[in-house]
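To be precise, the following lines are structure-v2.pdb, and they hold PDB, C-alpha atoms, pLDDT in the B column.
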```pdb
ATOM      1  CA  MET W  15      96.731  98.231 106.037  1.00 68.00           C
ATOM      2  CA  THR W  16     100.278  96.976 105.829  1.00 83.00           C
ATOM      3  CA  LEU W  17      99.553  93.570 104.269  1.00 86.00           C
ATOM      4  CA  HIS W  18      98.130  93.622 100.757  1.00 89.00           C
ATOM      5  CA  ILE W  19      97.484  90.601  98.571  1.00 89.00           C
ATOM      6  CA  GLY W  20      96.348  90.292  94.997  1.00 86.00           C
ATOM      7  CA  SER W  21      96.581  88.084  91.956  1.00 85.00           C
ATOM      8  CA  MET W  22      97.512  88.185  88.303  1.00 81.00           C
ATOM      9  CA  MET W  23      95.230  85.980  86.251  1.00 71.00           C
ATOM     10  CA  PRO W  24      96.144  85.393  82.617  1.00 71.00           C
ATOM     11  CA  ASP W  25      92.845  83.587  82.008  1.00 71.00           C
ATOM     12  CA  ARG W  26      89.320  84.657  83.069  1.00 72.00           C
ATOM     13  CA  SER W  27      88.433  81.005  83.706  1.00 68.00           C
ATOM     14  CA  LEU W  28      90.528  81.283  86.882  1.00 73.00           C
ATOM     15  CA  ASP W  29      88.133  83.856  88.391  1.00 71.00           C
ATOM     16  CA  GLU W  30      86.176  81.229  90.304  1.00 77.00           C
ATOM     17  CA  SER W  31      89.098  78.938  91.144  1.00 86.00           C
ATOM     18  CA  VAL W  32      89.648  77.566  94.628  1.00 90.00           C
ATOM     19  CA  LEU W  33      92.847  79.606  94.915  1.00 90.00           C
ATOM     20  CA  ILE W  34      91.144  82.912  94.028  1.00 90.00           C
ATOM     21  CA  LYS W  35      88.459  82.150  96.602  1.00 91.00           C
ATOM     22  CA  ALA W  36      91.207  81.478  99.174  1.00 92.00           C
ATOM     23  CA  ILE W  37      92.981  84.754  98.321  1.00 92.00           C
ATOM     24  CA  THR W  38      89.680  86.614  98.634  1.00 91.00           C
ATOM     25  CA  LYS W  39      88.932  84.969 101.993  1.00 92.00           C
ATOM     26  CA  VAL W  40      92.368  85.732 103.447  1.00 93.00           C
ATOM     27  CA  SER W  41      92.121  89.312 102.182  1.00 92.00           C
ATOM     28  CA  ALA W  42      88.704  89.729 103.807  1.00 91.00           C
ATOM     29  CA  ASP W  43      89.988  88.199 107.059  1.00 91.00           C
ATOM     30  CA  LEU W  44      92.899  90.650 107.066  1.00 89.00           C
ATOM     31  CA  GLY W  45      90.463  93.479 106.358  1.00 89.00           C
ATOM     32  CA  ARG W  46      88.584  92.604 109.538  1.00 89.00           C
ATOM     33  CA  LEU W  47      91.860  93.043 111.435  1.00 88.00           C
ATOM     34  CA  ARG W  48      92.685  96.471 110.016  1.00 87.00           C
ATOM     35  CA  ASP W  49      92.206  98.048 113.448  1.00 88.00           C
ATOM     36  CA  GLN W  50      95.266  96.159 114.757  1.00 88.00           C
ATOM     37  CA  GLN W  51      98.198  98.494 115.455  1.00 87.00           C
ATOM     38  CA  VAL W  52     100.582  96.504 113.241  1.00 85.00           C
ATOM     39  CA  GLN W  53      98.227  97.115 110.299  1.00 84.00           C
ATOM     40  CA  LYS W  54      98.651 100.880 110.685  1.00 87.00           C
ATOM     41  CA  GLN W  55     102.457 101.178 110.641  1.00 87.00           C
ATOM     42  CA  PRO W  56     104.578 101.403 107.493  1.00 90.00           C
ATOM     43  CA  PRO W  57     106.290  99.798 105.708  1.00 94.00           C
ATOM     44  CA  ALA W  58     103.727  97.715 103.832  1.00 94.00           C
ATOM     45  CA  LEU W  59     104.001  94.393 102.001  1.00 95.00           C
ATOM     46  CA  ASP W  60     102.303  93.800  98.662  1.00 95.00           C
ATOM     47  CA  ILE W  61     102.126  90.120  97.712  1.00 96.00           C
ATOM     48  CA  VAL W  62     100.922  89.177  94.234  1.00 94.00           C
ATOM     49  CA  PHE W  63     100.036  85.595  93.355  1.00 94.00           C
ATOM     50  CA  LEU W  64     100.849  84.776  89.709  1.00 90.00           C
ATOM     51  CA  LEU W  65      98.412  82.124  88.545  1.00 87.00           C
ATOM     52  CA  PRO W  66      99.350  79.770  85.708  1.00 86.00           C
ATOM     53  CA  SER W  67      97.349  79.175  82.536  1.00 72.00           C
ATOM     54  CA  LEU W  68      97.879  77.284  79.304  1.00 67.00           C
ATOM     55  CA  GLN W  69      99.190  80.457  77.674  1.00 73.00           C
ATOM     56  CA  GLU W  70     101.251  81.911  80.498  1.00 75.00           C
ATOM     57  CA  LYS W  71     103.273  80.772  83.494  1.00 79.00           C
ATOM     58  CA  ALA W  72     105.665  82.572  85.815  1.00 76.00           C
ATOM     59  CA  GLY W  73     109.296  82.222  84.783  1.00 76.00           C
ATOM     60  CA  PHE W  74     110.337  81.213  88.307  1.00 79.00           C
ATOM     61  CA  ALA W  75     109.204  78.954  91.130  1.00 83.00           C
ATOM     62  CA  GLY W  76     108.321  79.977  94.675  1.00 90.00           C
ATOM     63  CA  LEU W  77     108.453  83.494  96.100  1.00 94.00           C
ATOM     64  CA  ARG W  78     110.638  86.375  94.998  1.00 95.00           C
ATOM     65  CA  CYS W  79     111.157  89.943  96.054  1.00 95.00           C
ATOM     66  CA  HIS W  80     110.081  92.202  93.194  1.00 94.00           C
ATOM     67  CA  SER W  81     110.890  95.746  94.319  1.00 94.00           C
ATOM     68  CA  TYR W  82     110.849  98.269  97.124  1.00 95.00           C
ATOM     69  CA  ASP W  83     109.238 101.670  96.652  1.00 94.00           C
ATOM     70  CA  THR W  84     111.011 103.960  99.110  1.00 93.00           C
ATOM     71  CA  ALA W  85     108.564 106.829  98.621  1.00 93.00           C
ATOM     72  CA  LEU W  86     105.487 104.691  99.349  1.00 93.00           C
ATOM     73  CA  GLN W  87     107.344 102.360 101.727  1.00 94.00           C
ATOM     74  CA  VAL W  88     105.991  99.258  99.971  1.00 95.00           C
ATOM     75  CA  LEU W  89     107.966  96.035  99.517  1.00 97.00           C
ATOM     76  CA  ARG W  90     106.538  93.961  96.668  1.00 96.00           C
ATOM     77  CA  PHE W  91     106.709  90.189  96.359  1.00 97.00           C
ATOM     78  CA  GLU W  92     105.573  87.808  93.645  1.00 95.00           C
ATOM     79  CA  SER W  93     104.582  84.201  94.186  1.00 94.00           C
ATOM     80  CA  ALA W  94     104.499  81.708  91.321  1.00 93.00           C
ATOM     81  CA  VAL W  95     101.489  79.489  91.959  1.00 92.00           C
ATOM     82  CA  PRO W  96     101.955  75.805  91.047  1.00 92.00           C
ATOM     83  CA  GLU W  97      99.249  74.499  88.709  1.00 89.00           C
ATOM     84  CA  LYS W  98      98.012  71.905  91.185  1.00 91.00           C
ATOM     85  CA  MET W  99      97.409  74.608  93.822  1.00 90.00           C
ATOM     86  CA  VAL W 100      94.781  76.420  91.706  1.00 88.00           C
ATOM     87  CA  THR W 101      92.210  73.728  92.526  1.00 89.00           C
ATOM     88  CA  SER W 102      93.684  72.317  95.729  1.00 91.00           C
ATOM     89  CA  ILE W 103      91.769  71.932  98.967  1.00 91.00           C
ATOM     90  CA  HIS W 104      94.947  73.303 100.569  1.00 93.00           C
ATOM     91  CA  ALA W 105      94.796  76.623  98.677  1.00 92.00           C
ATOM     92  CA  GLU W 106      94.078  78.726 101.756  1.00 93.00           C
ATOM     93  CA  ARG W 107      96.987  77.178 103.650  1.00 93.00           C
ATOM     94  CA  PHE W 108      99.190  77.849 100.608  1.00 94.00           C
ATOM     95  CA  VAL W 109      98.184  81.537 100.540  1.00 94.00           C
ATOM     96  CA  ILE W 110      98.907  81.914 104.239  1.00 94.00           C
ATOM     97  CA  ALA W 111     102.237  80.049 103.983  1.00 94.00           C
ATOM     98  CA  ILE W 112     103.370  82.321 101.138  1.00 95.00           C
ATOM     99  CA  MET W 113     102.390  85.377 103.167  1.00 95.00           C
ATOM    100  CA  GLN W 114     104.328  84.068 106.169  1.00 95.00           C
ATOM    101  CA  ASP W 115     107.378  83.465 103.953  1.00 96.00           C
ATOM    102  CA  ALA W 116     107.053  87.002 102.572  1.00 96.00           C
ATOM    103  CA  ILE W 117     106.899  88.410 106.107  1.00 96.00           C
ATOM    104  CA  ASP W 118     110.051  86.466 107.040  1.00 96.00           C
ATOM    105  CA  ALA W 119     111.849  87.702 103.914  1.00 97.00           C
ATOM    106  CA  ALA W 120     110.651  91.257 104.583  1.00 96.00           C
ATOM    107  CA  GLY W 121     112.023  91.047 108.110  1.00 96.00           C
ATOM    108  CA  GLU W 122     115.461  90.199 106.717  1.00 96.00           C
ATOM    109  CA  PHE W 123     115.247  92.858 103.989  1.00 96.00           C
ATOM    110  CA  PHE W 124     114.203  95.631 106.350  1.00 95.00           C
ATOM    111  CA  SER W 125     116.782  94.592 108.936  1.00 95.00           C
ATOM    112  CA  GLU W 126     119.546  94.881 106.313  1.00 96.00           C
ATOM    113  CA  GLN W 127     118.184  98.292 105.300  1.00 94.00           C
ATOM    114  CA  HIS W 128     117.895  99.431 108.944  1.00 95.00           C
ATOM    115  CA  ILE W 129     114.150 100.016 108.521  1.00 94.00           C
ATOM    116  CA  LEU W 130     111.885  99.244 111.471  1.00 94.00           C
ATOM    117  CA  PHE W 131     109.516  96.348 110.655  1.00 93.00           C
ATOM    118  CA  ASP W 132     107.824  94.167 113.246  1.00 93.00           C
ATOM    119  CA  ALA W 133     107.902  90.756 111.550  1.00 94.00           C
ATOM    120  CA  SER W 134     106.783  88.916 114.704  1.00 94.00           C
ATOM    121  CA  ALA W 135     103.661  91.102 115.015  1.00 94.00           C
ATOM    122  CA  HIS W 136     102.850  90.500 111.340  1.00 93.00           C
ATOM    123  CA  LEU W 137     103.294  86.748 111.801  1.00 94.00           C
ATOM    124  CA  ALA W 138     101.029  86.876 114.860  1.00 92.00           C
ATOM    125  CA  LEU W 139      98.438  88.642 112.715  1.00 91.00           C
ATOM    126  CA  MET W 140      98.666  85.814 110.167  1.00 92.00           C
ATOM    127  CA  ASP W 141      98.144  83.296 112.973  1.00 90.00           C
ATOM    128  CA  ARG W 142      94.781  84.950 113.620  1.00 88.00           C
ATOM    129  CA  VAL W 143      93.861  84.455 109.946  1.00 83.00           C
ATOM    130  CA  SER W 144      95.086  80.843 109.675  1.00 75.00           C
ATOM    131  CA  PRO W 145      92.486  78.099 109.436  1.00 69.00           C
ATOM    132  CA  LYS W 146      92.271  76.159 112.661  1.00 61.00           C
ATOM    133  CA  GLU W 147      93.189  72.484 112.749  1.00 53.00           C
ATOM    134  CA  ARG W 148      90.262  70.167 113.261  1.00 48.00           C
ATOM    135  CA  ARG W 149      90.923  67.251 115.514  1.00 47.00           C
ATOM    136  CA  VAL W 150      88.882  64.101 115.313  1.00 49.00           C
ATOM    137  CA  ILE W 151      88.654  61.791 118.304  1.00 52.00           C
ATOM    138  CA  ASN W 152      87.974  58.148 117.490  1.00 48.00           C
TER     139      ASN W 152
END
```

When written as C-alpha coordinates, how does the structure in this file appear?
Amino acid sequence: MTLHIGSMMPDRSLDESVLIKAITKVSADLGRLRDQQVQKQPPALDIVFLLPSLQEKAGFAGLRCHSYDTALQVLRFESAVPEKMVTSIHAERFVIAIMQDAIDAAGEFFSEQHILFDASAHLALMDRVSPKERRVIN
(Lines of atoms letter the chains of each structure in order from A and count residues from 1; the text may use other names and numbers.)
(Lines give C-alpha, C1' and ligand atoms only; values in the text may rest on other atoms or scores of the structure.)
Protein backbone atom coordinates (compact mmCIF):
# COMPACT_ATOMS: atom_id res chain seq x y z
CA MET A 1 0.00 0.00 0.00
CA THR A 2 1.13 3.54 -0.63
CA LEU A 3 -0.71 5.22 2.26
CA HIS A 4 0.43 4.24 5.74
CA ILE A 5 -0.78 5.76 8.99
CA GLY A 6 0.30 5.23 12.55
CA SER A 7 0.54 6.94 15.90
CA MET A 8 3.02 7.75 18.62
CA MET A 9 1.43 7.48 22.04
CA PRO A 10 3.42 8.71 25.02
CA ASP A 11 0.81 7.35 27.43
CA ARG A 12 -0.89 3.91 27.40
CA SER A 13 -4.13 5.53 28.58
CA LEU A 14 -4.52 6.83 25.01
CA ASP A 15 -4.85 3.29 23.61
CA GLU A 16 -8.64 3.37 23.71
CA SER A 17 -9.08 7.05 22.81
CA VAL A 18 -11.54 8.20 20.17
CA LEU A 19 -8.65 9.35 17.99
CA ILE A 20 -6.86 5.97 18.09
CA LYS A 21 -10.14 4.28 17.17
CA ALA A 22 -10.50 6.71 14.25
CA ILE A 23 -6.93 6.03 13.08
CA THR A 24 -7.58 2.29 13.30
CA LYS A 25 -10.84 2.62 11.35
CA VAL A 26 -9.29 4.72 8.57
CA SER A 27 -6.36 2.30 8.36
CA ALA A 28 -8.73 -0.67 8.07
CA ASP A 29 -10.79 1.16 5.42
CA LEU A 30 -7.62 1.84 3.42
CA GLY A 31 -6.64 -1.81 3.82
CA ARG A 32 -9.88 -2.83 2.14
CA LEU A 33 -8.87 -0.67 -0.83
CA ARG A 34 -5.39 -2.16 -1.24
CA ASP A 35 -6.40 -3.68 -4.58
CA GLN A 36 -6.74 -0.17 -6.08
CA GLN A 37 -4.01 0.56 -8.63
CA VAL A 38 -2.92 3.76 -6.86
CA GLN A 39 -2.20 1.68 -3.74
CA LYS A 40 0.33 -0.41 -5.66
CA GLN A 41 2.56 2.34 -7.12
CA PRO A 42 5.48 3.96 -5.30
CA PRO A 43 6.24 6.37 -3.79
CA ALA A 44 4.49 5.81 -0.47
CA LEU A 45 3.37 8.21 2.25
CA ASP A 46 3.84 7.42 5.94
CA ILE A 47 1.79 9.67 8.21
CA VAL A 48 2.35 9.49 11.97
CA PHE A 49 -0.05 11.13 14.41
CA LEU A 50 1.75 12.43 17.52
CA LEU A 51 -0.69 12.29 20.41
CA PRO A 52 -0.28 14.63 23.38
CA SER A 53 -0.06 13.61 27.03
CA LEU A 54 0.65 15.36 30.31
CA GLN A 55 4.32 14.41 30.00
CA GLU A 56 4.89 14.95 26.30
CA LYS A 57 3.62 17.11 23.45
CA ALA A 58 4.85 17.71 19.92
CA GLY A 59 7.07 20.77 19.61
CA PHE A 60 5.09 22.06 16.63
CA ALA A 61 1.50 22.51 15.51
CA GLY A 62 -0.15 21.03 12.43
CA LEU A 63 1.52 18.83 9.82
CA ARG A 64 5.18 18.72 8.86
CA CYS A 65 7.28 16.80 6.41
CA HIS A 66 9.73 14.66 8.36
CA SER A 67 11.94 12.97 5.76
CA TYR A 68 12.13 11.22 2.43
CA ASP A 69 13.80 7.83 2.11
CA THR A 70 14.97 7.63 -1.50
CA ALA A 71 15.87 3.94 -1.29
CA LEU A 72 12.44 2.91 0.03
CA GLN A 73 10.60 5.72 -1.78
CA VAL A 74 8.74 6.73 1.39
CA LEU A 75 7.86 10.32 2.30
CA ARG A 76 7.22 10.66 6.03
CA PHE A 77 4.95 13.21 7.67
CA GLU A 78 4.19 13.97 11.30
CA SER A 79 0.97 15.48 12.58
CA ALA A 80 0.77 17.13 16.00
CA VAL A 81 -2.63 16.20 17.40
CA PRO A 82 -4.37 18.94 19.42
CA GLU A 83 -5.44 17.79 22.89
CA LYS A 84 -9.13 18.39 22.23
CA MET A 85 -9.02 16.09 19.17
CA VAL A 86 -8.08 13.00 21.23
CA THR A 87 -11.66 12.70 22.50
CA SER A 88 -13.51 14.60 19.78
CA ILE A 89 -16.48 13.24 17.87
CA HIS A 90 -14.74 14.74 14.83
CA ALA A 91 -11.60 12.59 15.23
CA GLU A 92 -12.19 10.57 12.07
CA ARG A 93 -12.69 13.71 9.99
CA PHE A 94 -9.49 15.11 11.52
CA VAL A 95 -7.51 11.99 10.53
CA ILE A 96 -8.83 12.15 6.98
CA ALA A 97 -8.19 15.91 6.70
CA ILE A 98 -4.58 15.45 7.84
CA MET A 99 -4.12 12.67 5.30
CA GLN A 100 -5.56 14.86 2.55
CA ASP A 101 -3.19 17.69 3.55
CA ALA A 102 -0.27 15.24 3.49
CA ILE A 103 -1.27 14.08 0.00
CA ASP A 104 -1.40 17.71 -1.19
CA ALA A 105 2.01 18.43 0.34
CA ALA A 106 3.41 15.22 -1.15
CA GLY A 107 2.13 16.26 -4.57
CA GLU A 108 4.10 19.50 -4.31
CA PHE A 109 7.20 17.76 -2.93
CA PHE A 110 7.27 15.09 -5.62
CA SER A 111 6.57 17.63 -8.36
CA GLU A 112 9.59 19.68 -7.24
CA GLN A 113 11.69 16.50 -7.19
CA HIS A 114 10.39 15.40 -10.62
CA ILE A 115 9.03 12.16 -9.12
CA LEU A 116 5.77 10.79 -10.51
CA PHE A 117 3.02 10.84 -7.85
CA ASP A 118 -0.69 10.82 -8.60
CA ALA A 119 -2.04 13.13 -5.88
CA SER A 120 -5.51 13.31 -7.45
CA ALA A 121 -5.85 9.50 -7.41
CA HIS A 122 -4.75 9.41 -3.77
CA LEU A 123 -7.27 12.12 -2.89
CA ALA A 124 -9.98 10.17 -4.71
CA LEU A 125 -9.03 7.14 -2.62
CA MET A 126 -9.46 9.23 0.54
CA ASP A 127 -12.90 10.31 -0.69
CA ARG A 128 -13.90 6.64 -0.65
CA VAL A 129 -12.78 6.40 3.00
CA SER A 130 -14.41 9.66 4.16
CA PRO A 131 -17.49 9.42 6.36
CA LYS A 132 -20.59 10.35 4.44
CA GLU A 133 -22.62 13.40 5.44
CA ARG A 134 -25.97 12.60 6.96
CA ARG A 135 -28.76 14.87 5.92
CA VAL A 136 -31.83 15.31 8.04
CA ILE A 137 -35.07 16.48 6.46
CA ASN A 138 -37.44 18.32 8.80

Fewer than 3 positions away in the same chain doesn't count, so skip those; otherwise give me all residues within 10 Å of W:Gln53, counting all atoms listed in the file, as a PyMOL selection string.
chain W and resi 15-17+44-45+47-50+56-58+135-136+139

Do a neighbour search on W:Gln69 at 9 Å with all atoms listed in the file, toss out local chain neighbours closer than 3 positions, and write the hits as a ChimeraX atom specification.
/W:24-25,66

The PyMOL selection byres ((chain W and resi 71) around 10) - which residues does that actually catch in the file I just gave you? List them as JSON, numbers by chain.
{"W": [23, 24, 64, 65, 66, 67, 68, 69, 70, 72, 73, 74, 75, 94, 95, 96, 97]}

Distance atom CA of W:Gln114-atom CA of W:Gly20, one decimal place?
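Taking atom CA of W:Gln114 and atom CA of W:Gly20, their separation equals 15.1 Å.
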
Using all atoms listed in the file, which residues sit within 9 Å of W:Glu92 once same-chain residues fewer than 6 positions away are excluded, as a list of chain:residue names?
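These residues fall inside the cut-off: W:Asp60, W:Ile61, W:Val62, W:Phe63, W:Leu64, W:Gly76, W:Leu77, W:Arg78, W:Cys79, W:His80.
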
Measure the distance from atom CA of W:Ser21 to atom CA of W:Ile129 in Å and round it to one decimal.
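Interatomic distance here is 26.9 Å.
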
Interatomic distance, atom CA of W:Leu137 to atom CA of W:Ile112 (Å, one decimal)
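Here the two named atoms are 11.5 Å from each other.
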
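Among the candidate residues W:Ala42, W:Ala120, W:Leu89, W:Ile103, the one lying nearest to W:Ser134 is W:Ala120, with distances computed using all atoms listed in the file.
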
What box, with edges along x, y and z, holds each listed atom of stretch 31-40 of chain W when 5 Å is added on every side, and can you state its centre and edge lengths in Å to one decimal, as AutoDock Vina command-line options?
```
--center_x 90.7 --center_y 82.1 --center_z 97.3 --size_x 14.5 --size_y 19.0 --size_z 22.3
```

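Closest approach to W:Val52 from the set W:Ala85, W:Val100, W:Met22, W:Met140 is made by W:Met140, with distances taken over only C-alpha atoms.
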
Residue among W:Thr84, W:Leu28, W:Ile19, W:Ser41 lying closest to W:Phe124, counting all atoms listed in the file
W:Thr84

May I have the residues within 12 Å of W:Ala105 as a list in words, using only C-alpha atoms and disregarding those fewer than 6 positions away in the same chain?
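Once the adjacent positions are removed, what remains is Ser31, Val32, Leu33, Ile34, Lys35, Ala36, Ile37, Thr38, Lys39, Val40, Phe63, Val95, Pro96, Glu97, Lys98, Met99, Ala111, Ile112, Ser144 and Pro145 of chain W.
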
For the structure provided, state which residues fall under the PyMOL selection byres ((chain W and resi 121) around 9), and present them as number ranges by chain.
W: 116-120, 122-126, 130-134

Just stretch 101-129 of chain W, please, as a PDB file, in the first residue's frame (only N, CA, C and O atoms).
```pdb
ATOM      1  N   THR W 101     -10.345  13.206  22.075  1.00  0.00           N
ATOM      2  CA  THR W 101     -11.657  12.702  22.498  1.00  0.00           C
ATOM      3  C   THR W 101     -12.809  13.267  21.670  1.00  0.00           C
ATOM      4  O   THR W 101     -13.968  13.092  22.030  1.00  0.00           O
ATOM      5  N   SER W 102     -12.498  13.907  20.579  1.00  0.00           N
ATOM      6  CA  SER W 102     -13.513  14.600  19.782  1.00  0.00           C
ATOM      7  C   SER W 102     -14.358  13.640  18.938  1.00  0.00           C
ATOM      8  O   SER W 102     -13.861  12.650  18.403  1.00  0.00           O
ATOM      9  N   ILE W 103     -15.613  13.998  18.768  1.00  0.00           N
ATOM     10  CA  ILE W 103     -16.479  13.235  17.874  1.00  0.00           C
ATOM     11  C   ILE W 103     -16.069  13.454  16.412  1.00  0.00           C
ATOM     12  O   ILE W 103     -16.515  12.737  15.531  1.00  0.00           O
ATOM     13  N   HIS W 104     -15.212  14.429  16.179  1.00  0.00           N
ATOM     14  CA  HIS W 104     -14.736  14.740  14.835  1.00  0.00           C
ATOM     15  C   HIS W 104     -13.370  14.121  14.544  1.00  0.00           C
ATOM     16  O   HIS W 104     -12.724  14.484  13.549  1.00  0.00           O
ATOM     17  N   ALA W 105     -12.931  13.176  15.365  1.00  0.00           N
ATOM     18  CA  ALA W 105     -11.599  12.588  15.225  1.00  0.00           C
ATOM     19  C   ALA W 105     -11.378  11.946  13.859  1.00  0.00           C
ATOM     20  O   ALA W 105     -10.320  12.126  13.252  1.00  0.00           O
ATOM     21  N   GLU W 106     -12.362  11.222  13.363  1.00  0.00           N
ATOM     22  CA  GLU W 106     -12.189  10.566  12.066  1.00  0.00           C
ATOM     23  C   GLU W 106     -12.028  11.603  10.949  1.00  0.00           C
ATOM     24  O   GLU W 106     -11.187  11.459  10.067  1.00  0.00           O
ATOM     25  N   ARG W 107     -12.823  12.645  10.990  1.00  0.00           N
ATOM     26  CA  ARG W 107     -12.694  13.711   9.993  1.00  0.00           C
ATOM     27  C   ARG W 107     -11.317  14.378  10.093  1.00  0.00           C
ATOM     28  O   ARG W 107     -10.729  14.750   9.073  1.00  0.00           O
ATOM     29  N   PHE W 108     -10.815  14.533  11.312  1.00  0.00           N
ATOM     30  CA  PHE W 108      -9.488  15.108  11.519  1.00  0.00           C
ATOM     31  C   PHE W 108      -8.420  14.227  10.871  1.00  0.00           C
ATOM     32  O   PHE W 108      -7.548  14.727  10.148  1.00  0.00           O
ATOM     33  N   VAL W 109      -8.488  12.923  11.106  1.00  0.00           N
ATOM     34  CA  VAL W 109      -7.514  11.986  10.532  1.00  0.00           C
ATOM     35  C   VAL W 109      -7.533  12.083   9.013  1.00  0.00           C
ATOM     36  O   VAL W 109      -6.481  12.182   8.366  1.00  0.00           O
ATOM     37  N   ILE W 110      -8.707  12.081   8.440  1.00  0.00           N
ATOM     38  CA  ILE W 110      -8.828  12.147   6.982  1.00  0.00           C
ATOM     39  C   ILE W 110      -8.328  13.490   6.452  1.00  0.00           C
ATOM     40  O   ILE W 110      -7.625  13.546   5.441  1.00  0.00           O
ATOM     41  N   ALA W 111      -8.654  14.585   7.137  1.00  0.00           N
ATOM     42  CA  ALA W 111      -8.192  15.908   6.704  1.00  0.00           C
ATOM     43  C   ALA W 111      -6.668  16.001   6.735  1.00  0.00           C
ATOM     44  O   ALA W 111      -6.050  16.555   5.809  1.00  0.00           O
ATOM     45  N   ILE W 112      -6.047  15.449   7.757  1.00  0.00           N
ATOM     46  CA  ILE W 112      -4.581  15.453   7.838  1.00  0.00           C
ATOM     47  C   ILE W 112      -4.002  14.638   6.685  1.00  0.00           C
ATOM     48  O   ILE W 112      -3.022  15.041   6.042  1.00  0.00           O
ATOM     49  N   MET W 113      -4.607  13.497   6.404  1.00  0.00           N
ATOM     50  CA  MET W 113      -4.118  12.666   5.302  1.00  0.00           C
ATOM     51  C   MET W 113      -4.261  13.392   3.967  1.00  0.00           C
ATOM     52  O   MET W 113      -3.371  13.326   3.117  1.00  0.00           O
ATOM     53  N   GLN W 114      -5.371  14.094   3.777  1.00  0.00           N
ATOM     54  CA  GLN W 114      -5.556  14.865   2.548  1.00  0.00           C
ATOM     55  C   GLN W 114      -4.524  15.977   2.440  1.00  0.00           C
ATOM     56  O   GLN W 114      -3.966  16.216   1.364  1.00  0.00           O
ATOM     57  N   ASP W 115      -4.232  16.651   3.552  1.00  0.00           N
ATOM     58  CA  ASP W 115      -3.192  17.690   3.553  1.00  0.00           C
ATOM     59  C   ASP W 115      -1.829  17.086   3.227  1.00  0.00           C
ATOM     60  O   ASP W 115      -1.037  17.691   2.481  1.00  0.00           O
ATOM     61  N   ALA W 116      -1.541  15.907   3.774  1.00  0.00           N
ATOM     62  CA  ALA W 116      -0.270  15.245   3.490  1.00  0.00           C
ATOM     63  C   ALA W 116      -0.167  14.868   2.011  1.00  0.00           C
ATOM     64  O   ALA W 116       0.894  15.020   1.396  1.00  0.00           O
ATOM     65  N   ILE W 117      -1.261  14.418   1.433  1.00  0.00           N
ATOM     66  CA  ILE W 117      -1.269  14.080   0.004  1.00  0.00           C
ATOM     67  C   ILE W 117      -1.003  15.326  -0.834  1.00  0.00           C
ATOM     68  O   ILE W 117      -0.207  15.300  -1.780  1.00  0.00           O
ATOM     69  N   ASP W 118      -1.649  16.443  -0.478  1.00  0.00           N
ATOM     70  CA  ASP W 118      -1.405  17.705  -1.189  1.00  0.00           C
ATOM     71  C   ASP W 118       0.059  18.121  -1.092  1.00  0.00           C
ATOM     72  O   ASP W 118       0.684  18.489  -2.093  1.00  0.00           O
ATOM     73  N   ALA W 119       0.607  18.057   0.126  1.00  0.00           N
ATOM     74  CA  ALA W 119       2.011  18.433   0.339  1.00  0.00           C
ATOM     75  C   ALA W 119       2.942  17.483  -0.414  1.00  0.00           C
ATOM     76  O   ALA W 119       3.953  17.910  -0.983  1.00  0.00           O
ATOM     77  N   ALA W 120       2.598  16.198  -0.429  1.00  0.00           N
ATOM     78  CA  ALA W 120       3.407  15.217  -1.154  1.00  0.00           C
ATOM     79  C   ALA W 120       3.387  15.507  -2.650  1.00  0.00           C
ATOM     80  O   ALA W 120       4.409  15.390  -3.324  1.00  0.00           O
ATOM     81  N   GLY W 121       2.227  15.902  -3.155  1.00  0.00           N
ATOM     82  CA  GLY W 121       2.132  16.259  -4.568  1.00  0.00           C
ATOM     83  C   GLY W 121       3.100  17.373  -4.923  1.00  0.00           C
ATOM     84  O   GLY W 121       3.797  17.306  -5.941  1.00  0.00           O
ATOM     85  N   GLU W 122       3.166  18.399  -4.076  1.00  0.00           N
ATOM     86  CA  GLU W 122       4.102  19.503  -4.310  1.00  0.00           C
ATOM     87  C   GLU W 122       5.546  19.033  -4.192  1.00  0.00           C
ATOM     88  O   GLU W 122       6.391  19.376  -5.024  1.00  0.00           O
ATOM     89  N   PHE W 123       5.847  18.259  -3.142  1.00  0.00           N
ATOM     90  CA  PHE W 123       7.204  17.760  -2.932  1.00  0.00           C
ATOM     91  C   PHE W 123       7.677  16.934  -4.129  1.00  0.00           C
ATOM     92  O   PHE W 123       8.760  17.170  -4.670  1.00  0.00           O
ATOM     93  N   PHE W 124       6.867  15.971  -4.527  1.00  0.00           N
ATOM     94  CA  PHE W 124       7.269  15.090  -5.620  1.00  0.00           C
ATOM     95  C   PHE W 124       7.350  15.837  -6.953  1.00  0.00           C
ATOM     96  O   PHE W 124       8.199  15.534  -7.786  1.00  0.00           O
ATOM     97  N   SER W 125       6.504  16.820  -7.145  1.00  0.00           N
ATOM     98  CA  SER W 125       6.567  17.628  -8.356  1.00  0.00           C
ATOM     99  C   SER W 125       7.903  18.374  -8.423  1.00  0.00           C
ATOM    100  O   SER W 125       8.560  18.405  -9.468  1.00  0.00           O
ATOM    101  N   GLU W 126       8.310  18.973  -7.300  1.00  0.00           N
ATOM    102  CA  GLU W 126       9.592  19.682  -7.243  1.00  0.00           C
ATOM    103  C   GLU W 126      10.766  18.743  -7.482  1.00  0.00           C
ATOM    104  O   GLU W 126      11.786  19.147  -8.030  1.00  0.00           O
ATOM    105  N   GLN W 127      10.622  17.489  -7.055  1.00  0.00           N
ATOM    106  CA  GLN W 127      11.692  16.503  -7.193  1.00  0.00           C
ATOM    107  C   GLN W 127      11.617  15.750  -8.527  1.00  0.00           C
ATOM    108  O   GLN W 127      12.434  14.874  -8.780  1.00  0.00           O
ATOM    109  N   HIS W 128      10.611  16.067  -9.327  1.00  0.00           N
ATOM    110  CA  HIS W 128      10.385  15.401 -10.619  1.00  0.00           C
ATOM    111  C   HIS W 128      10.191  13.892 -10.437  1.00  0.00           C
ATOM    112  O   HIS W 128      10.730  13.081 -11.183  1.00  0.00           O
ATOM    113  N   ILE W 129       9.386  13.561  -9.412  1.00  0.00           N
ATOM    114  CA  ILE W 129       9.033  12.164  -9.123  1.00  0.00           C
ATOM    115  C   ILE W 129       7.542  12.016  -9.389  1.00  0.00           C
ATOM    116  O   ILE W 129       6.734  12.813  -8.898  1.00  0.00           O
TER     117      ILE W 129
END
```
